[in-house]
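entry-v5.pdb follows; it contains PDB, C-alpha atoms and all ligand atoms.
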ATOM      1  CA  MET W   1       0.000   0.000   0.000  1.00  0.00           C
ATOM      2  CA  HIS W   2       1.301   3.429  -0.960  1.00  0.00           C
ATOM      3  CA  LEU W   3       0.374   6.599   0.879  1.00  0.00           C
ATOM      4  CA  ILE W   4       0.066   9.883  -0.997  1.00  0.00           C
ATOM      5  CA  GLU W   5      -0.433  12.976   1.135  1.00  0.00           C
ATOM      6  CA  VAL W   6      -1.286  16.252  -0.579  1.00  0.00           C
ATOM      7  CA  CYS W   7      -0.563  19.500   1.216  1.00  0.00           C
ATOM      8  CA  VAL W   8      -3.665  21.654   1.450  1.00  0.00           C
ATOM      9  CA  GLY W   9      -1.990  24.353   3.513  1.00  0.00           C
ATOM     10  CA  SER W  10      -2.867  27.874   2.377  1.00  0.00           C
ATOM     11  CA  SER W  11       0.007  28.301  -0.056  1.00  0.00           C
ATOM     12  CA  CYS W  12      -0.439  24.922  -1.745  1.00  0.00           C
ATOM     13  CA  HIS W  13      -4.186  25.474  -1.710  1.00  0.00           C
ATOM     14  CA  LEU W  14      -3.698  28.704  -3.657  1.00  0.00           C
ATOM     15  CA  ARG W  15      -1.458  26.870  -6.089  1.00  0.00           C
ATOM     16  CA  GLY W  16      -4.179  24.359  -6.892  1.00  0.00           C
ATOM     17  CA  ALA W  17      -3.889  21.564  -4.319  1.00  0.00           C
ATOM     18  CA  TYR W  18      -7.546  20.581  -4.661  1.00  0.00           C
ATOM     19  CA  ALA W  19      -7.283  20.368  -8.427  1.00  0.00           C
ATOM     20  CA  VAL W  20      -4.181  18.192  -7.936  1.00  0.00           C
ATOM     21  CA  ILE W  21      -6.147  15.911  -5.581  1.00  0.00           C
ATOM     22  CA  LYS W  22      -8.890  15.547  -8.181  1.00  0.00           C
ATOM     23  CA  GLU W  23      -6.368  14.751 -10.882  1.00  0.00           C
ATOM     24  CA  LEU W  24      -4.610  12.234  -8.627  1.00  0.00           C
ATOM     25  CA  GLN W  25      -7.932  10.513  -7.944  1.00  0.00           C
ATOM     26  CA  LYS W  26      -8.616  10.354 -11.663  1.00  0.00           C
ATOM     27  CA  SER W  27      -5.162   9.098 -12.508  1.00  0.00           C
ATOM     28  CA  ILE W  28      -5.216   6.468  -9.733  1.00  0.00           C
ATOM     29  CA  ALA W  29      -8.570   5.201 -11.010  1.00  0.00           C
ATOM     30  CA  GLU W  30      -7.511   5.203 -14.658  1.00  0.00           C
ATOM     31  CA  ASN W  31      -4.476   3.113 -13.820  1.00  0.00           C
ATOM     32  CA  GLY W  32      -6.401   0.672 -11.632  1.00  0.00           C
ATOM     33  CA  LEU W  33      -4.376   1.602  -8.560  1.00  0.00           C
ATOM     34  CA  GLU W  34      -7.252   2.199  -6.143  1.00  0.00           C
ATOM     35  CA  ALA W  35      -6.419  -0.837  -4.023  1.00  0.00           C
ATOM     36  CA  GLN W  36      -2.758   0.127  -3.798  1.00  0.00           C
ATOM     37  CA  VAL W  37      -2.874   3.829  -3.030  1.00  0.00           C
ATOM     38  CA  GLU W  38      -4.306   5.718  -0.106  1.00  0.00           C
ATOM     39  CA  LEU W  39      -4.814   9.435  -0.774  1.00  0.00           C
ATOM     40  CA  LYS W  40      -4.952  11.901   2.086  1.00  0.00           C
ATOM     41  CA  ALA W  41      -4.824  15.642   2.568  1.00  0.00           C
ATOM     42  CA  CYS W  42      -2.309  17.063   4.999  1.00  0.00           C
ATOM     43  CA  PHE W  43      -1.152  20.469   6.160  1.00  0.00           C
ATOM     44  CA  CYS W  44       1.879  22.611   5.532  1.00  0.00           C
ATOM     45  CA  MET W  45       5.153  20.757   5.009  1.00  0.00           C
ATOM     46  CA  GLY W  46       7.198  23.948   5.329  1.00  0.00           C
ATOM     47  CA  ASN W  47       8.086  23.943   1.641  1.00  0.00           C
ATOM     48  CA  CYS W  48       5.433  26.443   0.555  1.00  0.00           C
ATOM     49  CA  LYS W  49       7.300  28.272  -2.190  1.00  0.00           C
ATOM     50  CA  ASP W  50       7.652  25.049  -4.198  1.00  0.00           C
ATOM     51  CA  GLY W  51       4.045  23.860  -3.902  1.00  0.00           C
ATOM     52  CA  VAL W  52       1.965  22.052  -4.627  1.00  0.00           C
ATOM     53  CA  ASN W  53       3.862  19.657  -2.399  1.00  0.00           C
ATOM     54  CA  ILE W  54       2.900  16.044  -2.012  1.00  0.00           C
ATOM     55  CA  LYS W  55       4.427  13.164  -0.104  1.00  0.00           C
ATOM     56  CA  LEU W  56       4.649   9.642  -1.418  1.00  0.00           C
ATOM     57  CA  ASN W  57       5.465   7.172   1.335  1.00  0.00           C
ATOM     58  CA  GLY W  58       7.052   9.999   3.319  1.00  0.00           C
ATOM     59  CA  ASN W  59       9.179  11.453   0.492  1.00  0.00           C
ATOM     60  CA  VAL W  60       8.357  15.009  -0.573  1.00  0.00           C
ATOM     61  CA  TYR W  61       7.768  15.910  -4.230  1.00  0.00           C
ATOM     62  CA  SER W  62       7.386  19.578  -5.152  1.00  0.00           C
ATOM     63  CA  ASP W  63       5.945  21.611  -8.017  1.00  0.00           C
ATOM     64  CA  ILE W  64       3.118  19.150  -8.579  1.00  0.00           C
ATOM     65  CA  THR W  65       0.501  20.488 -10.963  1.00  0.00           C
ATOM     66  CA  VAL W  66      -2.556  19.111 -12.716  1.00  0.00           C
ATOM     67  CA  ASP W  67      -0.370  18.801 -15.812  1.00  0.00           C
ATOM     68  CA  ASN W  68       2.349  16.647 -14.261  1.00  0.00           C
ATOM     69  CA  VAL W  69       0.239  14.382 -12.003  1.00  0.00           C
ATOM     70  CA  MET W  70       0.023  11.665 -14.657  1.00  0.00           C
ATOM     71  CA  GLN W  71       3.784  11.756 -15.117  1.00  0.00           C
ATOM     72  CA  PHE W  72       4.249  11.546 -11.353  1.00  0.00           C
ATOM     73  CA  ILE W  73       2.040   8.451 -11.157  1.00  0.00           C
ATOM     74  CA  GLU W  74       3.790   6.858 -14.119  1.00  0.00           C
ATOM     75  CA  ASN W  75       7.272   7.548 -12.766  1.00  0.00           C
ATOM     76  CA  ASN W  76       6.602   6.484  -9.217  1.00  0.00           C
ATOM     77  CA  LEU W  77       3.810   3.941  -9.159  1.00  0.00           C
ATOM     78  CA  LEU W  78       3.819   2.202 -12.533  1.00  0.00           C
ATOM     79  CA  LYS W  79       7.457   1.249 -12.822  1.00  0.00           C
TER      80      LYS W  79
HETATM   81  S1  LIG F   1       1.316  25.233   2.344  1.00  0.00           S
HETATM   82 FE1  LIG F   1       2.009  23.437   1.369  1.00  0.00          FE
HETATM   83  S2  LIG F   1       4.054  23.303   2.080  1.00  0.00           S
HETATM   84 FE2  LIG F   1       3.312  25.041   3.107  1.00  0.00          FE
END

Have the structure of the file written as structure tokens, please.
Amino acid sequence: MHLIEVCVGSSCHLRGAYAVIKELQKSIAENGLEAQVELKACFCMGNCKDGVNIKLNGNVYSDITVDNVMQFIENNLLK
């Protein structure tokens, strides 16, 4: 089981965190990963200027946008 946590702190929120969550949900479903990935919201990781920040299994990934979510899933969960 993988854990993805998306920062919804105010800075990441302004940079589109909720749109990123929606896109992650879509991408997880499209790739049949629902049973393998838990998606949660979390609060500020202290890395605001590089948001949207997300954590995968505790590792932080920055500059996540709606446009690179699919790439993120492919690179990290479909290898
Ligand atoms: S608001 Fe997301 S890292 Fe600070």

Can you list what the PyMOL selection byres (((chain W and resi 26-29) around 10) and not hetatm) grabs from this structure, as a PDB file with C-alpha atoms, in the coordinates of the input?
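Wrote out_23.pdb, looks like this:
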ATOM      1  CA  VAL W  20      -4.181  18.192  -7.936  1.00  0.00           C
ATOM      2  CA  ILE W  21      -6.147  15.911  -5.581  1.00  0.00           C
ATOM      3  CA  LYS W  22      -8.890  15.547  -8.181  1.00  0.00           C
ATOM      4  CA  GLU W  23      -6.368  14.751 -10.882  1.00  0.00           C
ATOM      5  CA  LEU W  24      -4.610  12.234  -8.627  1.00  0.00           C
ATOM      6  CA  GLN W  25      -7.932  10.513  -7.944  1.00  0.00           C
ATOM      7  CA  GLU W  30      -7.511   5.203 -14.658  1.00  0.00           C
ATOM      8  CA  ASN W  31      -4.476   3.113 -13.820  1.00  0.00           C
ATOM      9  CA  GLY W  32      -6.401   0.672 -11.632  1.00  0.00           C
ATOM     10  CA  LEU W  33      -4.376   1.602  -8.560  1.00  0.00           C
ATOM     11  CA  GLU W  34      -7.252   2.199  -6.143  1.00  0.00           C
ATOM     12  CA  ALA W  35      -6.419  -0.837  -4.023  1.00  0.00           C
ATOM     13  CA  GLN W  36      -2.758   0.127  -3.798  1.00  0.00           C
ATOM     14  CA  VAL W  37      -2.874   3.829  -3.030  1.00  0.00           C
ATOM     15  CA  GLU W  38      -4.306   5.718  -0.106  1.00  0.00           C
ATOM     16  CA  LEU W  39      -4.814   9.435  -0.774  1.00  0.00           C
ATOM     17  CA  VAL W  69       0.239  14.382 -12.003  1.00  0.00           C
ATOM     18  CA  MET W  70       0.023  11.665 -14.657  1.00  0.00           C
ATOM     19  CA  GLN W  71       3.784  11.756 -15.117  1.00  0.00           C
ATOM     20  CA  PHE W  72       4.249  11.546 -11.353  1.00  0.00           C
ATOM     21  CA  ILE W  73       2.040   8.451 -11.157  1.00  0.00           C
ATOM     22  CA  GLU W  74       3.790   6.858 -14.119  1.00  0.00           C
ATOM     23  CA  LEU W  77       3.810   3.941  -9.159  1.00  0.00           C
TER      24      LEU W  77
END

> Do you have the atom CA of Lys40 of chain W-atom CA of Val66 of chain W distance handy?
Replying inline: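 Interatomic distance, atom CA of Lys40 of chain W to atom CA of Val66 of chain W: 16.6 Å.
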
> Pick the closest to ligand LIG 1 (chain F) from W:Leu3, W:Ala19, W:Met45, W:Leu14: which is it, counting all atoms listed in the file?
Replying inline: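 Closest residue, counting all atoms listed in the file: W:Met45.
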
> Once the PyMOL selection byres (((not hetatm)) within 10 of (chain F and resi 1)) has been applied to the shown file, what residues remain in the selection, as a count of residues only?
Replying inline: 26

>> Using Å and a single decimal, report how far atom CA of Ala41 of chain W sits from atom CA of Lys79 of chain W.
In response: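 Atom CA of Lys79 of chain W sits 24.4 Å away from atom CA of Ala41 of chain W.
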
> Interatomic distance between atom CA of Gly16 of chain W and atom CA of Leu78 of chain W?
Replying inline: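 Atom-to-atom, atom CA of Gly16 of chain W to atom CA of Leu78 of chain W, that is 24.2 Å.
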